[in-house]
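model10.csv follows (CSV, N, CA and C atoms):
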```
chain,number,residue,atom,x,y,z
Z,1159,MET,N,-17.4,-84.5,274.1
Z,1159,MET,CA,-18.8,-84.8,273.8
Z,1159,MET,C,-19.7,-83.9,274.6
Z,1160,THR,N,-20.8,-83.4,274.0
Z,1160,THR,CA,-21.7,-82.6,274.7
Z,1160,THR,C,-22.6,-83.4,275.6
Z,1161,ALA,N,-23.2,-82.8,276.6
Z,1161,ALA,CA,-24.1,-83.5,277.5
Z,1161,ALA,C,-25.4,-83.9,276.8
Z,1162,PRO,N,-26.1,-84.9,277.3
Z,1162,PRO,CA,-27.3,-85.3,276.7
Z,1162,PRO,C,-28.4,-84.2,276.6
Z,1163,ILE,N,-28.5,-83.3,277.6
Z,1163,ILE,CA,-29.5,-82.3,277.5
Z,1163,ILE,C,-29.1,-81.3,276.4
Z,1164,GLU,N,-27.9,-81.0,276.2
Z,1164,GLU,CA,-27.5,-80.1,275.1
Z,1164,GLU,C,-27.8,-80.7,273.7
Z,1165,ARG,N,-27.6,-82.0,273.6
Z,1165,ARG,CA,-27.9,-82.7,272.3
Z,1165,ARG,C,-29.5,-82.6,272.1
Z,1166,LEU,N,-30.2,-82.8,273.2
Z,1166,LEU,CA,-31.7,-82.7,273.1
Z,1166,LEU,C,-32.1,-81.3,272.7
Z,1167,ARG,N,-31.6,-80.3,273.3
Z,1167,ARG,CA,-31.9,-78.9,273.0
Z,1167,ARG,C,-31.6,-78.6,271.6
Z,1168,ALA,N,-30.5,-79.1,271.0
Z,1168,ALA,CA,-30.2,-79.0,269.6
Z,1168,ALA,C,-31.2,-79.6,268.8
Z,1169,LEU,N,-31.7,-80.8,269.2
Z,1169,LEU,CA,-32.8,-81.5,268.4
Z,1169,LEU,C,-34.1,-80.7,268.5
Z,1170,MET,N,-34.4,-80.1,269.6
Z,1170,MET,CA,-35.6,-79.3,269.7
Z,1170,MET,C,-35.5,-78.1,268.8
Z,1171,ASP,N,-34.3,-77.5,268.7
Z,1171,ASP,CA,-34.1,-76.4,267.8
Z,1171,ASP,C,-34.4,-76.8,266.3
Z,1172,VAL,N,-33.8,-77.8,265.9
Z,1172,VAL,CA,-34.0,-78.2,264.5
Z,1172,VAL,C,-35.4,-78.7,264.2
Z,1173,SER,N,-36.0,-79.3,265.2
Z,1173,SER,CA,-37.4,-79.7,265.1
Z,1173,SER,C,-38.3,-78.5,265.0
Z,1174,GLY,N,-38.0,-77.4,265.8
Z,1174,GLY,CA,-38.8,-76.2,265.7
Z,1174,GLY,C,-38.7,-75.5,264.3
Z,1175,ARG,N,-37.5,-75.7,263.7
Z,1175,ARG,CA,-37.3,-75.1,262.3
Z,1175,ARG,C,-37.8,-76.1,261.2
Z,1176,ARG,N,-38.2,-77.3,261.7
Z,1176,ARG,CA,-38.6,-78.4,260.7
Z,1176,ARG,C,-37.5,-78.7,259.7
Z,1177,ASP,N,-36.3,-78.7,260.2
Z,1177,ASP,CA,-35.1,-79.1,259.4
Z,1177,ASP,C,-35.0,-80.6,259.4
Z,1178,LYS,N,-35.6,-81.2,258.5
Z,1178,LYS,CA,-35.7,-82.7,258.5
Z,1178,LYS,C,-34.3,-83.4,258.4
Z,1179,ALA,N,-33.5,-82.9,257.6
Z,1179,ALA,CA,-32.1,-83.5,257.4
Z,1179,ALA,C,-31.4,-83.4,258.8
Z,1180,ALA,N,-31.4,-82.2,259.4
Z,1180,ALA,CA,-30.7,-82.1,260.7
Z,1180,ALA,C,-31.4,-82.9,261.8
Z,1181,PHE,N,-32.7,-83.0,261.7
Z,1181,PHE,CA,-33.4,-83.8,262.7
Z,1181,PHE,C,-33.0,-85.2,262.6
Z,1182,LEU,N,-33.0,-85.8,261.4
Z,1182,LEU,CA,-32.7,-87.2,261.2
Z,1182,LEU,C,-31.2,-87.5,261.5
Z,1183,ASP,N,-30.4,-86.5,261.3
Z,1183,ASP,CA,-28.9,-86.7,261.6
Z,1183,ASP,C,-28.7,-86.9,263.1
Z,1184,ALA,N,-29.6,-86.5,263.9
Z,1184,ALA,CA,-29.4,-86.7,265.4
Z,1184,ALA,C,-29.6,-88.2,265.8
Z,1185,PHE,N,-30.1,-89.0,264.9
Z,1185,PHE,CA,-30.5,-90.4,265.2
Z,1185,PHE,C,-29.5,-91.4,264.7
Z,1186,ASP,N,-29.2,-92.5,265.4
Z,1186,ASP,CA,-28.4,-93.6,265.0
Z,1186,ASP,C,-29.3,-94.3,263.9
Z,1187,PRO,N,-28.7,-94.8,262.9
Z,1187,PRO,CA,-29.5,-95.5,261.8
Z,1187,PRO,C,-30.3,-96.7,262.4
Z,1188,ALA,N,-30.0,-97.3,263.5
Z,1188,ALA,CA,-30.7,-98.4,264.1
Z,1188,ALA,C,-31.6,-97.9,265.2
Z,1189,ILE,N,-32.0,-96.6,265.3
Z,1189,ILE,CA,-32.8,-96.1,266.3
Z,1189,ILE,C,-34.1,-97.0,266.6
Z,1190,GLU,N,-34.4,-97.1,267.9
Z,1190,GLU,CA,-35.7,-97.7,268.2
Z,1190,GLU,C,-36.5,-96.7,269.0
Z,1191,TYR,N,-37.6,-96.2,268.4
Z,1191,TYR,CA,-38.4,-95.2,268.9
Z,1191,TYR,C,-39.8,-95.7,269.3
Z,1192,HIS,N,-40.1,-95.7,270.6
Z,1192,HIS,CA,-41.4,-96.0,271.1
Z,1192,HIS,C,-42.2,-94.7,271.3
Z,1193,TYR,N,-42.9,-94.3,270.3
Z,1193,TYR,CA,-43.6,-93.0,270.3
Z,1193,TYR,C,-45.0,-93.1,271.0
Z,1194,HIS,N,-45.5,-94.3,271.2
Z,1194,HIS,CA,-46.8,-94.5,271.8
Z,1194,HIS,C,-46.8,-95.8,272.5
Z,1195,VAL,N,-47.2,-95.9,273.8
Z,1195,VAL,CA,-47.2,-97.1,274.6
Z,1195,VAL,C,-48.3,-98.0,273.9
Z,1196,GLY,N,-47.9,-99.3,273.7
Z,1196,GLY,CA,-48.8,-100.2,273.1
Z,1196,GLY,C,-48.7,-100.3,271.6
Z,1197,THR,N,-48.0,-99.4,270.9
Z,1197,THR,CA,-47.9,-99.4,269.5
Z,1197,THR,C,-46.5,-99.9,269.2
Z,1198,ARG,N,-46.4,-100.7,268.1
Z,1198,ARG,CA,-45.1,-101.2,267.6
Z,1198,ARG,C,-44.1,-100.1,267.5
Z,1199,PRO,N,-42.9,-100.2,268.0
Z,1199,PRO,CA,-41.9,-99.1,267.9
Z,1199,PRO,C,-41.5,-98.9,266.5
Z,1200,LEU,N,-41.0,-97.8,266.2
Z,1200,LEU,CA,-40.3,-97.5,264.9
Z,1200,LEU,C,-38.9,-97.9,265.1
Z,1201,VAL,N,-38.4,-98.8,264.2
Z,1201,VAL,CA,-37.1,-99.3,264.3
Z,1201,VAL,C,-36.4,-98.9,263.0
Z,1202,GLY,N,-35.3,-98.2,263.1
Z,1202,GLY,CA,-34.6,-97.7,261.9
Z,1202,GLY,C,-34.9,-96.3,261.5
Z,1203,ILE,N,-33.9,-95.6,261.0
Z,1203,ILE,CA,-34.1,-94.2,260.6
Z,1203,ILE,C,-35.1,-94.0,259.5
Z,1204,GLU,N,-35.3,-95.0,258.6
Z,1204,GLU,CA,-36.3,-94.9,257.6
Z,1204,GLU,C,-37.7,-94.7,258.2
Z,1205,TRP,N,-38.0,-95.5,259.2
Z,1205,TRP,CA,-39.3,-95.4,259.9
Z,1205,TRP,C,-39.5,-94.1,260.6
Z,1206,VAL,N,-38.4,-93.6,261.2
Z,1206,VAL,CA,-38.5,-92.3,261.9
Z,1206,VAL,C,-38.7,-91.2,260.8
Z,1207,GLU,N,-38.1,-91.3,259.7
Z,1207,GLU,CA,-38.3,-90.3,258.6
Z,1207,GLU,C,-39.8,-90.3,258.2
Z,1208,LYS,N,-40.3,-91.5,257.9
Z,1208,LYS,CA,-41.7,-91.6,257.5
Z,1208,LYS,C,-42.6,-91.0,258.6
Z,1209,PHE,N,-42.4,-91.3,259.8
Z,1209,PHE,CA,-43.2,-90.8,260.9
Z,1209,PHE,C,-43.1,-89.3,261.0
Z,1210,ILE,N,-41.9,-88.7,261.0
Z,1210,ILE,CA,-41.8,-87.3,261.2
Z,1210,ILE,C,-42.4,-86.5,260.0
Z,1211,THR,N,-42.2,-87.1,258.8
Z,1211,THR,CA,-42.8,-86.5,257.6
Z,1211,THR,C,-44.3,-86.4,257.8
Z,1212,ARG,N,-45.0,-87.4,258.2
Z,1212,ARG,CA,-46.4,-87.5,258.4
Z,1212,ARG,C,-46.8,-86.6,259.5
Z,1213,TYR,N,-46.1,-86.7,260.6
Z,1213,TYR,CA,-46.4,-85.9,261.8
Z,1213,TYR,C,-46.3,-84.4,261.5
Z,1214,TRP,N,-45.3,-83.9,260.9
Z,1214,TRP,CA,-45.1,-82.5,260.6
Z,1214,TRP,C,-46.2,-82.0,259.6
Z,1215,ALA,N,-46.6,-82.9,258.7
Z,1215,ALA,CA,-47.6,-82.5,257.7
Z,1215,ALA,C,-49.0,-82.3,258.4
Z,1216,ASN,N,-49.2,-82.9,259.5
Z,1216,ASN,CA,-50.5,-82.8,260.2
Z,1216,ASN,C,-50.5,-81.9,261.4
Z,1217,HIS,N,-49.4,-81.2,261.6
Z,1217,HIS,CA,-49.4,-80.3,262.8
Z,1217,HIS,C,-48.7,-78.9,262.4
Z,1218,SER,N,-49.2,-77.9,262.9
Z,1218,SER,CA,-48.6,-76.6,262.6
Z,1218,SER,C,-48.5,-75.8,264.0
Z,1219,ARG,N,-47.7,-74.8,263.9
Z,1219,ARG,CA,-47.4,-73.9,265.1
Z,1219,ARG,C,-47.0,-74.8,266.3
Z,1220,THR,N,-46.1,-75.7,266.1
Z,1220,THR,CA,-45.7,-76.6,267.1
Z,1220,THR,C,-44.7,-76.0,268.0
Z,1221,GLU,N,-44.9,-76.2,269.3
Z,1221,GLU,CA,-43.9,-75.7,270.3
Z,1221,GLU,C,-43.6,-76.9,271.2
Z,1222,TRP,N,-42.4,-77.3,271.3
Z,1222,TRP,CA,-41.9,-78.4,272.2
Z,1222,TRP,C,-41.4,-77.8,273.4
Z,1223,VAL,N,-42.1,-78.0,274.5
Z,1223,VAL,CA,-41.7,-77.3,275.8
Z,1223,VAL,C,-41.2,-78.4,276.8
Z,1224,LEU,N,-40.0,-78.1,277.3
Z,1224,LEU,CA,-39.3,-78.9,278.3
Z,1224,LEU,C,-39.4,-78.2,279.6
Z,1225,THR,N,-40.1,-78.9,280.6
Z,1225,THR,CA,-40.3,-78.3,281.9
Z,1225,THR,C,-39.4,-78.8,282.9
Z,1226,ASN,N,-39.1,-80.1,282.9
Z,1226,ASN,CA,-38.2,-80.8,283.8
Z,1226,ASN,C,-37.3,-81.8,283.1
Z,1227,TRP,N,-36.1,-82.0,283.6
Z,1227,TRP,CA,-35.2,-83.0,283.0
Z,1227,TRP,C,-34.2,-83.4,284.0
Z,1228,ALA,N,-33.7,-84.6,283.8
Z,1228,ALA,CA,-32.5,-85.2,284.5
Z,1228,ALA,C,-31.7,-85.9,283.5
Z,1229,GLN,N,-30.4,-86.0,283.8
Z,1229,GLN,CA,-29.5,-86.7,282.9
Z,1229,GLN,C,-28.4,-87.4,283.6
Z,1230,ASN,N,-27.8,-88.4,282.9
Z,1230,ASN,CA,-26.6,-89.0,283.3
Z,1230,ASN,C,-25.7,-88.9,282.0
Z,1231,ASP,N,-24.7,-89.7,281.9
Z,1231,ASP,CA,-23.7,-89.6,280.8
Z,1231,ASP,C,-24.3,-90.0,279.5
Z,1232,THR,N,-25.4,-90.8,279.5
Z,1232,THR,CA,-25.9,-91.4,278.2
Z,1232,THR,C,-27.4,-91.2,278.0
Z,1233,GLN,N,-28.1,-90.7,279.0
Z,1233,GLN,CA,-29.6,-90.6,278.9
Z,1233,GLN,C,-30.0,-89.2,279.5
Z,1234,VAL,N,-31.2,-88.8,278.9
Z,1234,VAL,CA,-31.9,-87.7,279.5
Z,1234,VAL,C,-33.4,-88.1,279.7
Z,1235,LEU,N,-33.9,-87.8,280.9
Z,1235,LEU,CA,-35.3,-88.0,281.2
Z,1235,LEU,C,-36.0,-86.7,281.0
Z,1236,THR,N,-37.1,-86.7,280.4
Z,1236,THR,CA,-37.7,-85.4,280.1
Z,1236,THR,C,-39.2,-85.4,280.5
Z,1237,GLU,N,-39.7,-84.2,280.9
Z,1237,GLU,CA,-41.1,-83.9,281.1
Z,1237,GLU,C,-41.4,-82.6,280.5
Z,1238,GLY,N,-42.6,-82.5,279.9
Z,1238,GLY,CA,-43.0,-81.3,279.3
Z,1238,GLY,C,-44.3,-81.4,278.6
Z,1239,ARG,N,-44.4,-80.6,277.5
Z,1239,ARG,CA,-45.7,-80.7,276.8
Z,1239,ARG,C,-45.3,-80.3,275.3
Z,1240,GLU,N,-46.2,-80.7,274.4
Z,1240,GLU,CA,-46.1,-80.3,273.0
Z,1240,GLU,C,-47.4,-79.6,272.7
Z,1241,ASP,N,-47.3,-78.4,272.3
Z,1241,ASP,CA,-48.4,-77.6,271.9
Z,1241,ASP,C,-48.4,-77.5,270.4
Z,1242,TYR,N,-49.5,-77.6,269.7
Z,1242,TYR,CA,-49.6,-77.5,268.3
Z,1242,TYR,C,-51.1,-77.3,267.9
Z,1243,VAL,N,-51.2,-77.0,266.6
Z,1243,VAL,CA,-52.5,-76.9,266.0
Z,1243,VAL,C,-52.6,-78.1,265.0
Z,1244,ASN,N,-53.6,-79.0,265.2
Z,1244,ASN,CA,-53.7,-80.2,264.4
Z,1244,ASN,C,-54.3,-79.9,263.0
Z,1245,ALA,N,-54.4,-80.9,262.2
Z,1245,ALA,CA,-54.9,-80.7,260.8
Z,1245,ALA,C,-56.3,-80.2,260.7
Z,1246,ASP,N,-57.1,-80.3,261.8
Z,1246,ASP,CA,-58.5,-79.8,261.8
Z,1246,ASP,C,-58.5,-78.4,262.4
Z,1247,GLY,N,-57.4,-77.8,262.7
Z,1247,GLY,CA,-57.3,-76.4,263.2
Z,1247,GLY,C,-57.6,-76.3,264.7
Z,1248,VAL,N,-57.5,-77.5,265.4
Z,1248,VAL,CA,-57.7,-77.5,266.8
Z,1248,VAL,C,-56.4,-77.4,267.6
Z,1249,LYS,N,-56.3,-76.5,268.5
Z,1249,LYS,CA,-55.1,-76.3,269.3
Z,1249,LYS,C,-55.1,-77.4,270.4
Z,1250,VAL,N,-53.9,-78.1,270.4
Z,1250,VAL,CA,-53.7,-79.3,271.3
Z,1250,VAL,C,-52.5,-79.1,272.2
Z,1251,SER,N,-52.6,-79.5,273.4
Z,1251,SER,CA,-51.5,-79.5,274.3
Z,1251,SER,C,-51.3,-80.9,275.0
Z,1252,HIS,N,-50.3,-81.6,274.6
Z,1252,HIS,CA,-50.1,-82.9,275.1
Z,1252,HIS,C,-49.0,-82.9,276.2
Z,1253,PRO,N,-49.3,-83.3,277.4
Z,1253,PRO,CA,-48.2,-83.5,278.4
Z,1253,PRO,C,-47.5,-84.8,278.1
Z,1254,TYR,N,-46.2,-84.9,278.3
Z,1254,TYR,CA,-45.4,-86.0,278.0
Z,1254,TYR,C,-44.3,-86.2,279.0
Z,1255,MET,N,-43.7,-87.4,279.0
Z,1255,MET,CA,-42.5,-87.8,279.7
Z,1255,MET,C,-41.7,-88.7,278.7
Z,1256,GLY,N,-40.4,-88.6,278.7
Z,1256,GLY,CA,-39.6,-89.4,277.8
Z,1256,GLY,C,-38.3,-89.8,278.3
Z,1257,ILE,N,-37.7,-90.8,277.7
Z,1257,ILE,CA,-36.4,-91.2,278.0
Z,1257,ILE,C,-35.6,-91.4,276.7
Z,1258,ILE,N,-34.5,-90.6,276.6
Z,1258,ILE,CA,-33.8,-90.6,275.3
Z,1258,ILE,C,-32.4,-91.1,275.7
Z,1259,GLU,N,-31.9,-92.1,274.9
Z,1259,GLU,CA,-30.6,-92.7,275.1
Z,1259,GLU,C,-29.7,-92.3,274.0
Z,1260,PHE,N,-28.4,-92.0,274.3
Z,1260,PHE,CA,-27.4,-91.6,273.3
Z,1260,PHE,C,-26.3,-92.6,273.3
Z,1261,GLY,N,-25.8,-92.9,272.1
Z,1261,GLY,CA,-24.7,-93.8,271.9
Z,1261,GLY,C,-23.4,-93.0,272.1
Z,1262,PRO,N,-22.3,-93.8,272.0
Z,1262,PRO,CA,-20.9,-93.1,272.1
Z,1262,PRO,C,-20.6,-92.0,271.1
Z,1263,ASP,N,-21.3,-92.1,270.0
Z,1263,ASP,CA,-21.1,-91.0,268.9
Z,1263,ASP,C,-22.0,-89.8,269.1
Z,1264,GLY,N,-22.9,-89.9,270.2
Z,1264,GLY,CA,-23.8,-88.8,270.4
Z,1264,GLY,C,-25.1,-88.9,269.7
Z,1265,LYS,N,-25.3,-89.9,268.9
Z,1265,LYS,CA,-26.6,-90.1,268.2
Z,1265,LYS,C,-27.6,-90.8,269.1
Z,1266,ILE,N,-28.9,-90.5,268.9
Z,1266,ILE,CA,-29.9,-91.1,269.7
Z,1266,ILE,C,-30.1,-92.6,269.2
Z,1267,THR,N,-30.0,-93.5,270.2
Z,1267,THR,CA,-30.1,-94.9,269.9
Z,1267,THR,C,-31.4,-95.5,270.3
Z,1268,ALA,N,-32.1,-94.8,271.3
Z,1268,ALA,CA,-33.4,-95.3,271.8
Z,1268,ALA,C,-34.1,-94.1,272.4
Z,1269,TRP,N,-35.5,-94.2,272.2
Z,1269,TRP,CA,-36.3,-93.1,272.7
Z,1269,TRP,C,-37.7,-93.7,273.0
Z,1270,ARG,N,-38.1,-93.4,274.3
Z,1270,ARG,CA,-39.4,-93.9,274.7
Z,1270,ARG,C,-40.2,-92.7,275.2
Z,1271,ASP,N,-41.4,-92.5,274.6
Z,1271,ASP,CA,-42.2,-91.4,275.0
Z,1271,ASP,C,-43.5,-91.9,275.7
Z,1272,TYR,N,-43.9,-91.2,276.7
Z,1272,TYR,CA,-45.2,-91.5,277.4
Z,1272,TYR,C,-46.0,-90.2,277.5
Z,1273,PHE,N,-47.2,-90.2,276.9
Z,1273,PHE,CA,-48.0,-89.0,276.8
Z,1273,PHE,C,-49.5,-89.4,276.9
Z,1274,GLN,N,-50.3,-88.4,277.2
Z,1274,GLN,CA,-51.7,-88.5,277.2
Z,1274,GLN,C,-52.2,-88.3,275.8
Z,1275,MET,N,-53.0,-89.2,275.3
Z,1275,MET,CA,-53.6,-89.1,274.0
Z,1275,MET,C,-54.6,-88.0,273.9
Z,1276,LYS,N,-55.5,-87.9,274.9
Z,1276,LYS,CA,-56.5,-86.9,274.9
Z,1276,LYS,C,-56.0,-85.6,275.5
Z,1277,ASP,N,-56.1,-84.5,274.9
Z,1277,ASP,CA,-55.7,-83.3,275.4
Z,1277,ASP,C,-56.6,-83.0,276.6
Z,1278,PRO,N,-56.0,-82.8,277.8
Z,1278,PRO,CA,-56.8,-82.6,279.0
Z,1278,PRO,C,-57.5,-81.2,279.0
Z,1279,ALA,N,-57.1,-80.3,278.1
Z,1279,ALA,CA,-57.8,-79.0,278.0
Z,1279,ALA,C,-59.0,-79.1,277.0
Z,1280,ALA,N,-59.1,-80.2,276.3
Z,1280,ALA,CA,-60.1,-80.3,275.3
Z,1280,ALA,C,-61.5,-80.5,275.9
Z,1281,THR,N,-62.5,-80.0,275.3
Z,1281,THR,CA,-63.9,-80.2,275.8
Z,1281,THR,C,-64.7,-81.2,275.1
```
Represent the supplied structure as structure tokens.
Amino acid sequence: MTAPIERLRALMDVSGRRDKAAFLDAFDPAIEYHYHVGTRPLVGIEWVEKFITRYWANHSRTEWVLTNWAQNDTQVLTEGREDYVNADGVKVSHPYMGIIEFGPDGKITAWRDYFQMKDPAAT
């Protein structure tokens, strides 16, 4: 079994290519994804598919940057930023931290993201 960071880097690669089938294949069907603190989590692969379809439709030139990480056998803690151009043509850079948990089969079973909603570089 590959290390959690290697599985995450593979997910980052398919995300960058916007390969939705490969992206969704990284998740356990019962995934619980907390993409925003205070918002109801996405539970189940169907909700993740709806989310990523809408998200990718409203963002272009996306770059997922990982600056720091730590891992154990089943989790990877991440820090970085996501740079993209939103649907209004505005360049956005969101700092984030996240915790991604992997099941015994290597699929993502839980994901919690923590990020700033307002781009600190925005005026």
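Among the candidate residues Z:Tyr1272, Z:Val1223, Z:Thr1236, Z:Pro1187, the one lying nearest to Glu1207 in chain Z is Z:Pro1187, with distances computed using only C-alpha atoms.
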Each residue of range 1217-1246 of chain Z with at least one atom at most 9 Å from range 1259-1265 of chain Z should appear once, together with its nearest atom pair and the corresponding distance in Å (one decimal); atoms considered: only C-alpha atoms; ordering: chain, then increasing residue number; output as a tab-separated table.
```
residue	atom	partner	partner_atom	distance
Z:Asp1231	CA	Z:Phe1260	CA	8.6
Z:Thr1232	CA	Z:Phe1260	CA	5.1
Z:Gln1233	CA	Z:Glu1259	CA	4.5
Z:Val1234	CA	Z:Glu1259	CA	6.8
```
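Proximity ranking of Z:Ser1173, Z:Lys1178, Z:Phe1185, Z:His1192 relative to Thr1220 in chain Z places Z:Ser1173 first, based on only N, CA and C atoms.
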Choose the residue, out of Z:Ala1228, Z:Ile1189, Z:Leu1200, Z:Ile1210, that has the smallest atom-to-atom separation from Ala1268 in chain Z; count only C-alpha atoms. Z:Ile1189
Quote the spacing between CA of His1194 in chain Z and CA of Asn1230 in chain Z in Å to one decimal place. 23.9 Å
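Taking atom N of Ile1258 in chain Z as the reference point, atom C of Gln1229 in chain Z is found at 9.8 Å.
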Which is closest to Thr1225 in chain Z among Z:Asp1177, Z:Asp1271, Z:Glu1237, Z:Glu1190, if we use all atoms listed in the file? Z:Glu1237
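Interatomic distance, CA of Lys1249 in chain Z to CA of Glu1221 in chain Z: 11.3 Å.
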Identify, with DSSP run on backbone atoms, the residues in range 1171-1281 of chain Z assigned to helix (DSSP H, G or I), and express the list as a ChimeraX atom specification. /Z:1171-1174,1178-1183,1203-1215
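Selecting by distance to (-34.6, -77.5, 266.6) with a limit of 12 Å and using only C-alpha atoms, one obtains Glu1164, Arg1165, Leu1166, Arg1167, Ala1168, Leu1169, Met1170, Asp1171, Val1172, Ser1173, Gly1174, Arg1175, Arg1176, Asp1177, Lys1178, Ala1179, Ala1180, Phe1181, Leu1182, Asp1183, Ala1184, Thr1220, Glu1221, Trp1222 and Val1223 of chain Z.
Nearest-residue note for Gly1256 in chain Z: choosing from Z:Ile1203, Z:Phe1273, Z:Asn1216, Z:Glu1240, the minimum distance belongs to Z:Phe1273, counting only C-alpha atoms.
Close contacts of Ala1215 in chain Z, defined as residues with an atom at most 10 Å away when counting only C-alpha atoms, with chain neighbours fewer than 5 positions off set aside, comprise Phe1209, Ile1210, Asn1244 and Ala1245 of chain Z.
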If you run DSSP on this backbone, which residues of chain Z come out as strand (DSSP E or B), and could you give them as number ranges by chain? Z: 1185-1192, 1200-1201, 1217-1229, 1233-1244, 1249-1260, 1266-1273
For range 1171-1178 of chain Z, supply all heavy atoms and report the output as a short mmCIF file (atom, residue, chain, number, x, y, z; two decimals), in the frame of the given file.
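Printed below is rebuild-v3.cif as written:
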```cif
data_model
loop_
_atom_site.label_atom_id
_atom_site.label_comp_id
_atom_site.auth_asym_id
_atom_site.auth_seq_id
_atom_site.Cartn_x
_atom_site.Cartn_y
_atom_site.Cartn_z
N ASP Z 1171 -34.30 -77.50 268.70
CA ASP Z 1171 -34.10 -76.40 267.80
C ASP Z 1171 -34.40 -76.80 266.30
O ASP Z 1171 -35.15 -76.08 265.64
CB ASP Z 1171 -32.74 -75.80 267.98
CG ASP Z 1171 -32.49 -74.62 267.07
OD1 ASP Z 1171 -33.24 -73.62 267.17
OD2 ASP Z 1171 -31.56 -74.70 266.24
N VAL Z 1172 -33.80 -77.80 265.90
CA VAL Z 1172 -34.00 -78.20 264.50
C VAL Z 1172 -35.40 -78.70 264.20
O VAL Z 1172 -35.94 -78.48 263.13
CB VAL Z 1172 -32.93 -79.23 263.95
CG1 VAL Z 1172 -31.53 -78.66 264.02
CG2 VAL Z 1172 -33.02 -80.55 264.67
N SER Z 1173 -36.00 -79.30 265.20
CA SER Z 1173 -37.40 -79.70 265.10
C SER Z 1173 -38.30 -78.50 265.00
O SER Z 1173 -39.21 -78.44 264.12
CB SER Z 1173 -37.83 -80.50 266.34
OG SER Z 1173 -39.19 -80.85 266.26
N GLY Z 1174 -38.00 -77.40 265.80
CA GLY Z 1174 -38.80 -76.20 265.70
C GLY Z 1174 -38.70 -75.50 264.30
O GLY Z 1174 -39.64 -74.90 263.81
N ARG Z 1175 -37.50 -75.70 263.70
CA ARG Z 1175 -37.30 -75.10 262.30
C ARG Z 1175 -37.80 -76.10 261.20
O ARG Z 1175 -37.74 -75.77 260.06
CB ARG Z 1175 -35.85 -74.80 262.12
CG ARG Z 1175 -35.39 -73.64 262.97
CD ARG Z 1175 -33.95 -73.24 262.66
NE ARG Z 1175 -33.00 -74.12 263.33
CZ ARG Z 1175 -32.11 -74.90 262.71
NH1 ARG Z 1175 -32.03 -74.93 261.41
NH2 ARG Z 1175 -31.29 -75.66 263.41
N ARG Z 1176 -38.20 -77.30 261.70
CA ARG Z 1176 -38.60 -78.40 260.70
C ARG Z 1176 -37.50 -78.70 259.70
O ARG Z 1176 -37.76 -78.85 258.51
CB ARG Z 1176 -39.91 -78.06 260.08
CG ARG Z 1176 -41.01 -78.03 261.13
CD ARG Z 1176 -42.35 -78.21 260.57
NE ARG Z 1176 -43.31 -78.31 261.67
CZ ARG Z 1176 -44.54 -78.67 261.53
NH1 ARG Z 1176 -45.00 -78.96 260.33
NH2 ARG Z 1176 -45.34 -78.75 262.56
N ASP Z 1177 -36.30 -78.70 260.20
CA ASP Z 1177 -35.10 -79.10 259.40
C ASP Z 1177 -35.00 -80.60 259.40
O ASP Z 1177 -34.31 -81.12 260.29
CB ASP Z 1177 -33.87 -78.35 259.89
CG ASP Z 1177 -32.63 -78.62 259.07
OD1 ASP Z 1177 -32.60 -79.62 258.32
OD2 ASP Z 1177 -31.68 -77.84 259.21
N LYS Z 1178 -35.60 -81.20 258.50
CA LYS Z 1178 -35.70 -82.70 258.50
C LYS Z 1178 -34.30 -83.40 258.40
O LYS Z 1178 -34.04 -84.32 259.14
CB LYS Z 1178 -36.63 -83.26 257.46
CG LYS Z 1178 -36.84 -84.75 257.65
CD LYS Z 1178 -38.00 -85.38 256.90
CE LYS Z 1178 -38.24 -84.92 255.55
NZ LYS Z 1178 -39.24 -85.73 254.83
#
```
